[in-house]
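J.: Please find start01.cif (mmCIF, C-alpha atoms) on the next line:
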```
data_data
#
loop_
_atom_site.label_atom_id
_atom_site.label_comp_id
_atom_site.auth_asym_id
_atom_site.auth_seq_id
_atom_site.Cartn_x
_atom_site.Cartn_y
_atom_site.Cartn_z
CA MET J 923 20.35 4.64 -24.80
CA THR J 924 18.23 6.11 -22.00
CA VAL J 925 16.57 3.60 -19.68
CA GLN J 926 13.60 4.04 -17.44
CA CYS J 927 13.48 2.33 -14.07
CA GLU J 928 9.91 1.31 -13.31
CA LEU J 929 10.58 -0.09 -9.85
CA CYS J 930 9.34 2.87 -7.86
CA PRO J 931 6.94 5.75 -8.54
CA LYS J 932 9.83 8.06 -9.36
CA MET J 933 10.12 6.29 -12.73
CA CYS J 934 13.64 7.70 -13.23
CA LEU J 935 14.87 8.31 -16.77
CA ILE J 936 18.52 7.36 -16.60
CA GLU J 937 21.15 8.40 -19.13
CA PRO J 938 24.08 6.05 -19.90
CA GLY J 939 26.55 5.97 -17.02
CA GLN J 940 24.14 7.70 -14.67
CA SER J 941 22.10 6.40 -11.75
CA GLY J 942 18.50 6.89 -10.72
CA GLU J 943 17.61 9.00 -7.72
CA CYS J 944 18.36 6.04 -5.48
CA ARG J 945 22.06 6.21 -6.52
CA VAL J 946 22.35 2.44 -6.89
CA ARG J 947 20.41 1.57 -10.05
CA ILE J 948 22.64 2.49 -12.97
CA ASN J 949 22.34 2.56 -16.75
CA ILE J 950 25.26 0.59 -18.14
CA ASP J 951 25.20 0.28 -21.94
CA GLY J 952 21.45 0.73 -22.09
CA VAL J 953 20.69 -1.91 -19.45
CA LEU J 954 19.61 -1.24 -15.85
CA HIS J 955 22.10 -2.59 -13.31
CA SER J 956 22.00 -2.84 -9.52
CA VAL J 957 25.44 -2.04 -8.17
CA VAL J 958 24.58 -3.11 -4.61
CA TYR J 959 23.32 -6.63 -5.32
CA GLY J 960 25.16 -8.86 -2.84
CA PHE J 961 27.07 -5.93 -1.35
CA PRO J 962 25.56 -4.89 2.00
CA CYS J 963 27.21 -1.95 3.74
CA SER J 964 25.78 -3.09 7.07
CA VAL J 965 25.20 -6.55 8.49
CA SER J 966 24.05 -6.59 12.09
CA PRO J 967 23.82 -9.92 13.89
CA TYR J 968 22.69 -8.37 17.18
CA ASP J 969 19.46 -6.52 16.48
CA PRO J 970 16.37 -7.54 18.45
CA VAL J 971 13.24 -7.73 16.30
CA GLU J 972 11.72 -5.05 18.57
CA LYS J 973 14.21 -2.54 17.15
CA LYS J 974 12.67 -2.68 13.64
CA PRO J 975 10.15 -2.01 15.35
CA LEU J 976 8.07 -5.19 15.19
CA PHE J 977 6.20 -5.96 18.41
CA HIS J 978 3.89 -8.64 17.04
CA PHE J 979 6.45 -10.81 15.25
CA LEU J 980 8.47 -13.45 17.10
CA PRO J 981 9.02 -11.25 20.18
CA GLY J 982 12.32 -11.51 21.95
CA THR J 983 14.21 -12.96 18.97
CA ARG J 984 17.31 -11.63 17.25
CA ILE J 985 17.04 -10.79 13.58
CA LEU J 986 19.90 -10.73 11.10
CA SER J 987 19.68 -7.21 9.66
CA ILE J 988 21.19 -6.00 6.43
CA ALA J 989 21.27 -2.85 4.34
CA THR J 990 22.98 -1.41 1.32
CA VAL J 991 23.64 2.26 0.64
CA GLY J 992 21.10 4.40 -1.21
CA CYS J 993 17.43 5.32 -0.95
CA ASN J 994 14.71 6.41 -3.33
CA LEU J 995 13.50 9.04 -0.86
CA HIS J 996 15.56 11.92 0.48
CA CYS J 997 13.87 12.80 3.75
CA LEU J 998 15.29 15.93 5.34
CA ASN J 999 14.97 14.26 8.75
CA CYS J 1000 16.59 10.94 7.78
CA GLN J 1001 18.03 9.20 10.83
CA ASN J 1002 20.27 6.96 8.70
CA TRP J 1003 21.37 9.53 6.15
CA ASP J 1004 25.01 8.47 6.32
CA ILE J 1005 24.12 5.30 4.44
CA SER J 1006 20.84 6.20 2.74
CA GLN J 1007 22.18 9.34 1.08
CA LYS J 1008 25.59 7.97 0.18
CA ASN J 1009 26.93 7.01 -3.23
CA PRO J 1010 28.12 3.40 -3.52
CA GLU J 1011 31.57 4.53 -4.67
CA GLU J 1012 32.03 6.43 -1.37
CA SER J 1013 31.05 3.44 0.73
CA THR J 1014 32.46 0.20 2.10
CA ALA J 1015 30.62 -3.08 1.72
CA ALA J 1016 31.09 -6.81 2.17
CA PHE J 1017 30.50 -9.40 -0.53
CA LEU J 1018 27.54 -11.41 0.72
CA PRO J 1019 25.44 -12.94 -2.06
CA PRO J 1020 22.00 -14.39 -1.18
CA GLU J 1021 23.32 -17.95 -0.78
CA ARG J 1022 25.96 -16.87 1.74
CA LEU J 1023 23.56 -14.60 3.58
CA VAL J 1024 20.97 -17.34 4.01
CA GLN J 1025 23.71 -19.77 5.02
CA LEU J 1026 24.93 -17.27 7.61
CA ALA J 1027 21.41 -16.96 9.03
CA LYS J 1028 20.93 -20.72 9.03
CA SER J 1029 24.23 -21.60 10.66
CA ASN J 1030 23.62 -19.04 13.42
CA ARG J 1031 20.03 -20.21 13.91
CA TYR J 1032 18.31 -16.97 13.08
CA LEU J 1033 14.58 -17.27 12.59
CA SER J 1034 14.44 -14.26 10.31
CA ILE J 1035 16.34 -11.75 8.18
CA ALA J 1036 15.50 -8.02 8.09
CA TYR J 1037 16.10 -5.85 5.04
CA THR J 1038 16.31 -2.50 6.74
CA TYR J 1039 18.21 0.71 7.68
CA SER J 1040 18.15 2.31 4.21
CA ASP J 1041 15.26 0.88 2.15
CA PRO J 1042 15.02 -2.64 0.70
CA ILE J 1043 13.09 -1.27 -2.27
CA ILE J 1044 16.31 0.06 -3.80
CA PHE J 1045 18.12 -3.25 -3.35
CA TYR J 1046 15.02 -5.00 -4.63
CA GLU J 1047 16.66 -7.86 -6.55
CA TYR J 1048 19.01 -8.70 -3.67
CA THR J 1049 16.08 -8.70 -1.25
CA TYR J 1050 13.87 -10.74 -3.58
CA ASP J 1051 16.46 -13.44 -4.29
CA THR J 1052 17.49 -13.70 -0.63
CA ALA J 1053 13.90 -13.84 0.64
CA LYS J 1054 13.04 -16.53 -1.91
CA LEU J 1055 16.01 -18.62 -0.87
CA ALA J 1056 15.37 -17.98 2.83
CA ARG J 1057 11.77 -19.19 2.47
CA LYS J 1058 13.08 -22.51 1.15
CA GLU J 1059 15.31 -22.83 4.21
CA GLY J 1060 12.50 -21.96 6.64
CA ILE J 1061 13.91 -18.52 7.48
CA ARG J 1062 11.47 -15.62 7.44
CA SER J 1063 11.97 -12.26 5.81
CA VAL J 1064 11.07 -8.86 7.19
CA LEU J 1065 11.00 -5.53 5.36
CA VAL J 1066 11.50 -2.21 7.07
CA THR J 1067 10.50 0.18 4.35
CA ALA J 1068 8.93 3.46 3.35
CA GLY J 1069 6.80 1.48 0.91
CA TYR J 1070 7.60 3.73 -2.05
CA ILE J 1071 7.29 1.15 -4.79
CA ASN J 1072 5.14 0.41 -7.82
CA PRO J 1073 2.37 -2.19 -7.42
CA GLN J 1074 3.65 -4.99 -9.69
CA PRO J 1075 7.17 -5.41 -8.23
CA TRP J 1076 5.69 -4.97 -4.75
CA LYS J 1077 3.21 -7.78 -5.35
CA GLU J 1078 5.99 -10.07 -6.57
CA LEU J 1079 8.21 -9.29 -3.59
CA LEU J 1080 5.43 -9.79 -1.04
CA GLU J 1081 5.14 -13.45 -2.04
CA TYR J 1082 8.36 -14.16 -0.16
CA ILE J 1083 7.94 -11.72 2.73
CA ASP J 1084 6.54 -12.63 6.14
CA ALA J 1085 6.31 -9.27 7.87
CA ALA J 1086 6.86 -5.59 7.21
CA ASN J 1087 7.10 -2.41 9.15
CA ILE J 1088 6.00 0.30 6.77
CA ASP J 1089 6.70 3.93 7.47
CA LEU J 1090 3.70 6.17 6.98
CA LYS J 1091 5.66 9.36 7.29
CA PHE J 1092 2.81 11.84 6.91
CA ILE J 1093 -0.86 11.74 6.09
CA SER J 1094 -0.30 14.75 3.82
CA ASP J 1095 0.85 14.60 0.22
CA ASP J 1096 2.26 18.10 0.52
CA LEU J 1097 4.54 17.07 3.41
CA TYR J 1098 5.64 13.95 1.55
CA ARG J 1099 6.66 16.15 -1.37
CA ARG J 1100 8.35 18.86 0.71
CA ILE J 1101 10.15 16.72 3.26
CA CYS J 1102 10.72 13.38 1.52
CA THR J 1103 10.64 14.08 -2.24
CA GLY J 1104 7.91 11.47 -2.51
CA THR J 1105 4.13 11.29 -2.65
CA LEU J 1106 1.55 9.85 -0.28
CA LYS J 1107 -0.70 7.74 -2.51
CA PRO J 1108 1.84 5.08 -3.60
CA VAL J 1109 2.74 4.49 0.06
CA GLN J 1110 -0.90 4.07 1.03
CA ASN J 1111 -1.41 1.67 -1.87
CA ALA J 1112 1.64 -0.35 -0.86
CA MET J 1113 0.36 -0.59 2.73
CA VAL J 1114 -3.07 -1.79 1.64
CA MET J 1115 -1.51 -4.34 -0.72
CA ALA J 1116 0.82 -5.63 1.97
CA LYS J 1117 -2.02 -6.11 4.43
CA ALA J 1118 -4.23 -7.74 1.81
CA SER J 1119 -1.42 -10.16 0.90
CA GLY J 1120 -1.65 -11.68 4.37
CA ILE J 1121 1.77 -10.74 5.73
CA LEU J 1122 2.06 -9.19 9.17
CA VAL J 1123 2.07 -5.40 8.84
CA GLU J 1124 3.06 -2.88 11.48
CA VAL J 1125 3.18 0.84 10.82
CA THR J 1126 5.54 3.53 12.05
CA ASN J 1127 4.80 7.23 12.14
CA LEU J 1128 7.66 9.51 13.13
CA ILE J 1129 6.27 12.55 14.88
CA ILE J 1130 8.24 15.66 14.01
CA PRO J 1131 7.54 18.77 16.08
CA THR J 1132 5.71 21.50 14.12
CA LEU J 1133 5.26 19.27 11.06
CA ASN J 1134 2.93 16.41 11.97
CA ASP J 1135 2.34 16.69 15.71
CA LYS J 1136 -1.10 18.29 15.63
CA PRO J 1137 -4.00 16.29 17.11
CA GLU J 1138 -6.07 16.57 13.91
CA GLN J 1139 -3.18 15.16 11.82
CA ILE J 1140 -2.78 12.24 14.21
CA ARG J 1141 -6.52 11.62 14.23
CA GLU J 1142 -6.63 11.60 10.43
CA LEU J 1143 -3.74 9.14 10.26
CA ALA J 1144 -5.31 6.80 12.83
CA ARG J 1145 -8.66 6.91 11.03
CA TRP J 1146 -7.06 6.09 7.70
CA LEU J 1147 -5.19 3.17 9.25
CA LYS J 1148 -8.26 1.75 10.93
CA THR J 1149 -10.39 2.06 7.81
CA ASN J 1150 -7.84 0.71 5.35
CA LEU J 1151 -5.63 -1.70 7.26
CA GLY J 1152 -7.86 -2.67 10.15
CA ARG J 1153 -7.96 -1.82 13.84
CA GLU J 1154 -5.61 -4.70 14.69
CA THR J 1155 -2.68 -3.14 12.77
CA PRO J 1156 -0.02 -2.09 15.30
CA LEU J 1157 0.97 1.56 15.09
CA HIS J 1158 4.26 2.88 16.45
CA PHE J 1159 4.57 6.59 17.15
CA SER J 1160 8.26 7.25 17.01
CA GLY J 1161 10.14 10.14 18.55
CA PHE J 1162 12.13 12.44 16.24
CA TYR J 1163 15.73 13.47 16.92
CA PRO J 1164 17.36 16.38 15.07
CA ARG J 1165 19.39 14.82 12.27
CA TYR J 1166 20.64 15.47 8.75
CA LYS J 1167 18.94 18.58 7.33
CA MET J 1168 16.47 19.04 10.14
CA GLN J 1169 18.67 19.95 13.04
CA HIS J 1170 16.77 23.15 13.77
CA LEU J 1171 13.80 21.29 15.26
CA PRO J 1172 13.66 19.97 18.84
CA PRO J 1173 13.24 16.27 19.67
CA THR J 1174 9.68 15.03 20.13
CA SER J 1175 8.57 15.22 23.74
CA LEU J 1176 7.15 12.22 25.57
CA LYS J 1177 4.03 14.28 26.20
CA THR J 1178 3.39 14.68 22.46
CA LEU J 1179 3.90 10.97 21.86
CA GLU J 1180 1.56 10.08 24.70
CA MET J 1181 -1.04 12.48 23.30
CA ALA J 1182 -0.71 10.80 19.89
CA ARG J 1183 -1.10 7.35 21.44
CA GLU J 1184 -4.23 8.42 23.32
CA ILE J 1185 -5.79 9.84 20.15
CA ALA J 1186 -5.04 6.70 18.11
CA ILE J 1187 -6.50 4.48 20.84
CA SER J 1188 -9.58 6.68 21.07
CA GLU J 1189 -9.99 6.30 17.31
CA GLY J 1190 -10.23 2.56 17.81
CA LEU J 1191 -6.78 1.17 17.04
CA ASP J 1192 -6.01 -1.86 19.21
CA TYR J 1193 -2.22 -1.68 19.50
CA VAL J 1194 -0.53 1.70 19.70
CA TYR J 1195 3.07 2.06 20.83
CA ILE J 1196 5.62 4.74 21.58
CA GLY J 1197 9.18 4.36 20.32
CA ASN J 1198 12.57 6.11 20.47
CA VAL J 1199 11.57 7.56 23.84
CA ARG J 1200 11.17 5.58 27.05
CA SER J 1201 7.55 5.21 28.04
CA LYS J 1202 6.04 2.97 30.66
CA GLU J 1203 2.76 1.99 29.04
CA GLY J 1204 3.61 2.87 25.45
CA GLU J 1205 6.02 -0.04 25.11
CA ASN J 1206 3.64 -2.74 26.35
CA THR J 1207 1.05 -4.82 24.55
CA TYR J 1208 -2.39 -4.87 26.14
CA CYS J 1209 -5.32 -7.12 25.30
CA PRO J 1210 -7.90 -5.16 23.25
CA GLY J 1211 -10.60 -7.29 24.88
CA CYS J 1212 -10.01 -7.28 28.64
CA LYS J 1213 -7.24 -4.59 28.62
CA GLY J 1214 -4.93 -6.91 30.57
CA LEU J 1215 -1.16 -6.71 30.17
CA LEU J 1216 0.12 -9.24 27.62
CA ILE J 1217 3.72 -8.33 26.82
CA GLU J 1218 5.73 -6.07 29.09
CA ARG J 1219 8.74 -4.38 27.49
CA LYS J 1220 11.51 -2.10 28.60
CA GLY J 1221 13.19 -0.69 25.53
CA TYR J 1222 13.93 -3.70 23.33
CA THR J 1223 13.83 -6.13 26.23
CA ILE J 1224 10.86 -8.37 26.93
CA LEU J 1225 10.23 -8.40 30.69
CA GLN J 1226 7.29 -10.79 30.47
CA ASN J 1227 5.23 -12.41 27.74
CA ARG J 1228 1.87 -13.76 28.95
CA LEU J 1229 0.53 -14.80 25.56
CA LYS J 1230 -0.73 -18.38 25.31
CA GLU J 1231 -0.70 -19.71 21.76
CA GLY J 1232 -1.14 -16.16 20.46
CA CYS J 1233 -4.15 -15.51 22.72
CA CYS J 1234 -4.83 -13.52 25.87
CA PRO J 1235 -4.48 -15.89 28.85
CA ASP J 1236 -7.31 -14.08 30.69
CA CYS J 1237 -10.08 -13.70 28.08
CA SER J 1238 -8.75 -15.92 25.25
CA GLN J 1239 -8.93 -13.14 22.66
CA GLU J 1240 -6.74 -13.88 19.68
CA ILE J 1241 -3.95 -11.32 19.32
CA TYR J 1242 -2.84 -10.20 15.87
CA GLY J 1243 0.69 -11.37 15.18
CA VAL J 1244 3.17 -14.08 14.28
CA TRP J 1245 4.06 -15.61 17.61
CA LYS J 1246 5.97 -18.76 16.67
CA MET H 1059 24.98 26.16 -56.61
CA THR H 1060 26.18 23.18 -58.59
CA ARG H 1061 24.24 19.93 -58.59
CA ARG H 1062 27.12 18.22 -56.71
CA LYS H 1063 27.10 20.84 -53.91
CA PHE H 1064 23.34 20.64 -53.66
CA ILE H 1065 23.47 16.84 -53.25
CA GLN H 1066 26.27 17.12 -50.64
CA ARG H 1067 24.24 19.64 -48.66
CA LEU H 1068 21.14 17.47 -48.97
CA ILE H 1069 23.02 14.41 -47.65
CA LYS H 1070 24.49 16.40 -44.73
CA THR H 1071 21.14 17.86 -43.77
CA GLY H 1072 19.39 14.51 -44.14
CA SER H 1073 22.03 12.78 -41.99
CA ALA H 1074 21.72 15.42 -39.29
CA VAL H 1075 17.94 15.11 -39.23
CA ILE H 1076 18.09 11.28 -39.07
CA ALA H 1077 20.74 11.34 -36.29
CA GLY H 1078 18.75 13.90 -34.30
CA THR H 1079 15.53 11.96 -34.71
CA CYS H 1080 17.22 8.73 -33.53
CA ARG H 1081 18.65 10.49 -30.50
CA LEU H 1082 15.33 12.02 -29.63
CA ALA H 1083 13.56 8.70 -30.13
CA LYS H 1084 15.90 7.05 -27.63
CA LYS H 1085 15.00 9.67 -25.07
CA VAL H 1086 11.31 9.67 -25.81
CA ALA H 1087 11.04 5.89 -25.90
CA PRO H 1088 13.60 4.68 -23.35
CA ARG H 1089 14.11 1.00 -22.63
CA LYS H 1090 12.00 0.17 -19.61
CA PHE H 1091 13.14 -2.01 -16.74
CA VAL H 1092 11.65 -3.07 -13.45
CA ARG H 1093 14.42 -5.47 -12.54
CA ALA H 1094 18.07 -4.63 -12.65
CA ILE H 1095 20.98 -6.91 -13.45
CA LYS H 1096 23.63 -7.42 -10.80
CA VAL H 1097 27.14 -6.13 -11.38
CA LYS H 1098 30.22 -8.23 -10.75
CA SER H 1099 32.21 -5.69 -8.83
CA TYR H 1100 31.30 -3.09 -6.24
CA PRO H 1101 32.07 0.51 -7.15
CA GLY H 1102 33.08 1.32 -3.57
CA SER H 1103 35.63 -0.45 -1.40
CA LEU H 1104 35.21 -4.01 -0.18
CA ARG H 1105 35.99 -5.31 3.28
CA PRO H 1106 35.70 -8.78 4.83
CA LEU H 1107 32.34 -9.56 6.40
CA ARG H 1108 33.82 -9.58 9.90
CA ASP H 1109 34.62 -5.88 9.51
CA ILE H 1110 31.08 -5.10 8.44
CA ALA H 1111 29.13 -7.38 10.78
CA LYS H 1112 28.80 -5.41 13.99
CA GLN H 1113 26.21 -3.71 16.13
CA SER H 1114 24.44 -1.30 13.85
CA LYS H 1115 24.19 2.30 14.90
CA TRP H 1116 21.29 2.89 12.54
CA SER H 1117 17.65 3.01 13.42
CA GLY H 1118 15.27 0.40 12.04
#
```
For this file, write the structure as structure tokens.
T.:
Amino acid sequence: MTVQCELCPKMCLIEPGQSGECRVRINIDGVLHSVVYGFPCSVSPYDPVEKKPLFHFLPGTRILSIATVGCNLHCLNCQNWDISQKNPEESTAAFLPPERLVQLAKSNRYLSIAYTYSDPIIFYEYTYDTAKLARKEGIRSVLVTAGYINPQPWKELLEYIDAANIDLKFISDDLYRRICTGTLKPVQNAMVMAKASGILVEVTNLIIPTLNDKPEQIRELARWLKTNLGRETPLHFSGFYPRYKMQHLPPTSLKTLEMAREIAISEGLDYVYIGNVRSKEGENTYCPGCKGLLIERKGYTILQNRLKEGCCPDCSQEIYGVWK
Amino acid sequence: MTRRKFIQRLIKTGSAVIAGTCRLAKKVAPRKFVRAIKVKSYPGSLRPLRDIAKQSKWSG
């Protein structure tokens, strides 16, 4: 019997023995199965939280980062295509059920676990069960996601999540369809829901030369963010590198990223960063009140953190984030 | 056509229509799932955690 997966907006109709677009949710005897539950293909104990990127969440800490193969989007520019666009049967994984994963985090004194690299939406049940268990043990959970998920499962998952970096790939539905095989509206809805749920939300926008590097596109994105998520939502402009099916385009220049940052700041966003390319000011956190330097970074390294109890030490302005 | 042949043809046609309708119904009204059940074994190859747990080369 055909099954329909209602986890994400793709709403895949799956014939017996076949998988959905994500490659990992399979119809076995008329029942939907996740073949990656408890089977991460990557477990990284070394990642700094800044790599997610999260700049307003426990800065300077390591985060246990896991991923399985598969993805519900198929972005032509995917940086992690060798796991996101791979079939489970072609991959290697470890057996790490939620109990063992949380135990691993606990015994190594991690403060948080990241569900990342591919997209935690497609290993939803694994993420959900682990995050629920982690919450009980005082370990926080972080999603790094494209946010392409239906509202009900998203709402249920958010109950056990502490922070998320959500990729707003484009502010154009047409580009979402052409480049990512997705649509814009569900992502925007997921972002608004995440922010409204009270978790810490940071947003990443990968700037791809010729596709979404025009000032008016950046302005539109910044305006949407400010209006719908609030001016305090950190925005990371990330540099593109030619990968996967988009090797014909050049990498994003620092100049373009700096232009994007200036536009977003001029539109009223408080925290705008530059990633994937070294930038002196674009990696630091400044106080939106007195403009003083709060956190100085070089790459993923914290050079100095002047925050006092989550506030600016000079003007006492409260800074959006989870600081302890 | 004899009565017996007519009945045989009627049964065959009726069966085909019923089977086709059932098949179509399954496609038109699929079983809907949000949550998936976990499988016991991984379709790919398994390695010990120590072989998997290393510095990730992936972004994010």
J.: Using only C-alpha atoms, can you tell me which of J:Met1168, J:Ile1083, J:Leu1176, J:Cys963 comes closest to chain H?
T.: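 Closest residue, counting only C-alpha atoms: J:Cys963.
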J.: For atom CA of J:Leu998 and atom CA of J:Tyr1098, determine how far apart the two atoms are, in Å to one decimal place.
T.: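 Going from atom CA of J:Leu998 over to atom CA of J:Tyr1098 covers 10.6 Å.
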J.: Fewer than 4 positions away in the same chain doesn't count, so skip those; otherwise give me all residues within 10 Å of J:His978, counting all atoms listed in the file, as a PyMOL selection string.
T.: chain J and resi 971-972+1085+1122-1124+1155-1156+1193+1207+1217+1232+1241-1245
J.: I need the output of the PyMOL selection byres ((chain J and resi 973) around 9) for this file as an NGL selection string; which residues are they?
T.: (:J and (969-972 or 974-977 or 1221-1222)) or (:H and (1117-1118))
J.: Using all atoms listed in the file and a distance of at most 9 Å, pull out the residues of chain H that contact chain J, as a VMD selection string.
T.: chain H and resid 1081 1084 to 1118
J.: Name every residue that the PyMOL selection byres ((chain J and resi 1089) around 6) selects in this structure, writing the answer as a PyMOL selection string with chains first and numbers rising.
T.: chain J and resi 1068+1088+1090-1091+1125-1126
J.: Do you have the atom CA of J:Ala1056-atom CA of J:Asp1084 distance handy?
T.: 10.8 Å
J.: Take atom CA of J:Gly1161 and atom CA of J:Pro981 and report the distance between them in Å, one decimal.
T.: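 Separation of atom CA of J:Gly1161 and atom CA of J:Pro981: 21.5 Å.
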J.: Choose the residue, out of J:Ala1027, J:Ile1196, J:Met1181, J:Leu1079, that has the smallest atom-to-atom separation from J:Thr1049; count only C-alpha atoms.
T.: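 So, comparing all the options, the nearest one is J:Leu1079.
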J.: Quick one: apply the PyMOL selection byres ((chain J and resi 1073) around 12) to the file and drop the selected residues here as number ranges by chain.
T.: J: 928-931, 1043, 1069-1072, 1074-1080, 1107-1116; H: 1092
J.: Kindly compute an axis-aligned box around the listed atoms of stretch 1078-1087 of chain H, allowing 5 Å on each side, and express its centre and edge lengths in Å to one decimal as AutoDock Vina command-line options.
T.:
```
--center_x 14.9 --center_y 9.9 --center_z -29.9 --size_x 17.7 --size_y 18.0 --size_z 19.6
```
J.: Could you check which residues have any atom within 8 Å of (-6.7, 0.0, 14.8), counting only C-alpha atoms with coordinates taken straight from the file, and then list them as a PyMOL selection string?
T.: chain J and resi 1144+1147-1148+1151-1157+1186-1187+1189-1193
J.: Looking at J:Glu943, J:Asp1095, J:Glu1142, J:Asp951, which one is nearest to J:Gly992, with distances taken over only C-alpha atoms?
T.: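 The closest residue to J:Gly992 is J:Glu943.
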J.: Which of these residues is nearest to J:Ile1035, using all atoms listed in the file: J:Val991, J:Cys997, J:Ile1093, J:Ala1086?
T.: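 Nearest candidate to J:Ile1035 out of J:Val991, J:Cys997, J:Ile1093, J:Ala1086: J:Ala1086.
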J.: Rebuild stretch 1065-1083 of chain H so that it carries N, CA and C atoms, then output the result as a short mmCIF file (atom, residue, chain, number, x, y, z; two decimals), in the coordinates of the input.
T.:
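File written: selection16.cif
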```
data_model
loop_
_atom_site.label_atom_id
_atom_site.label_comp_id
_atom_site.auth_asym_id
_atom_site.auth_seq_id
_atom_site.Cartn_x
_atom_site.Cartn_y
_atom_site.Cartn_z
N ILE H 1065 23.63 18.22 -53.76
CA ILE H 1065 23.47 16.84 -53.25
C ILE H 1065 24.24 16.66 -51.94
N GLN H 1066 25.46 17.22 -51.88
CA GLN H 1066 26.27 17.12 -50.64
C GLN H 1066 25.52 17.76 -49.48
N ARG H 1067 24.98 18.93 -49.73
CA ARG H 1067 24.24 19.64 -48.66
C ARG H 1067 22.99 18.85 -48.24
N LEU H 1068 22.35 18.26 -49.25
CA LEU H 1068 21.14 17.47 -48.97
C LEU H 1068 21.48 16.26 -48.09
N ILE H 1069 22.60 15.60 -48.43
CA ILE H 1069 23.02 14.41 -47.65
C ILE H 1069 23.36 14.83 -46.22
N LYS H 1070 24.10 15.93 -46.07
CA LYS H 1070 24.49 16.40 -44.73
C LYS H 1070 23.24 16.72 -43.90
N THR H 1071 22.35 17.46 -44.50
CA THR H 1071 21.14 17.86 -43.77
C THR H 1071 20.31 16.62 -43.40
N GLY H 1072 20.17 15.74 -44.38
CA GLY H 1072 19.39 14.51 -44.14
C GLY H 1072 19.99 13.69 -43.02
N SER H 1073 21.35 13.56 -43.03
CA SER H 1073 22.03 12.78 -41.99
C SER H 1073 21.80 13.39 -40.61
N ALA H 1074 21.91 14.73 -40.58
CA ALA H 1074 21.72 15.42 -39.29
C ALA H 1074 20.30 15.21 -38.77
N VAL H 1075 19.34 15.29 -39.65
CA VAL H 1075 17.94 15.11 -39.23
C VAL H 1075 17.72 13.68 -38.73
N ILE H 1076 18.26 12.70 -39.48
CA ILE H 1076 18.09 11.28 -39.07
C ILE H 1076 18.76 11.03 -37.71
N ALA H 1077 20.01 11.55 -37.56
CA ALA H 1077 20.74 11.34 -36.29
C ALA H 1077 19.98 11.98 -35.12
N GLY H 1078 19.49 13.18 -35.35
CA GLY H 1078 18.75 13.90 -34.30
C GLY H 1078 17.47 13.17 -33.92
N THR H 1079 16.79 12.68 -34.96
CA THR H 1079 15.53 11.96 -34.71
C THR H 1079 15.80 10.69 -33.89
N CYS H 1080 16.87 9.97 -34.27
CA CYS H 1080 17.22 8.73 -33.53
C CYS H 1080 17.52 9.05 -32.07
N ARG H 1081 18.27 10.11 -31.87
CA ARG H 1081 18.65 10.49 -30.50
C ARG H 1081 17.42 10.86 -29.67
N LEU H 1082 16.56 11.60 -30.30
CA LEU H 1082 15.33 12.02 -29.63
C LEU H 1082 14.44 10.80 -29.33
N ALA H 1083 14.39 9.90 -30.30
CA ALA H 1083 13.56 8.70 -30.13
C ALA H 1083 14.03 7.88 -28.93
#
```
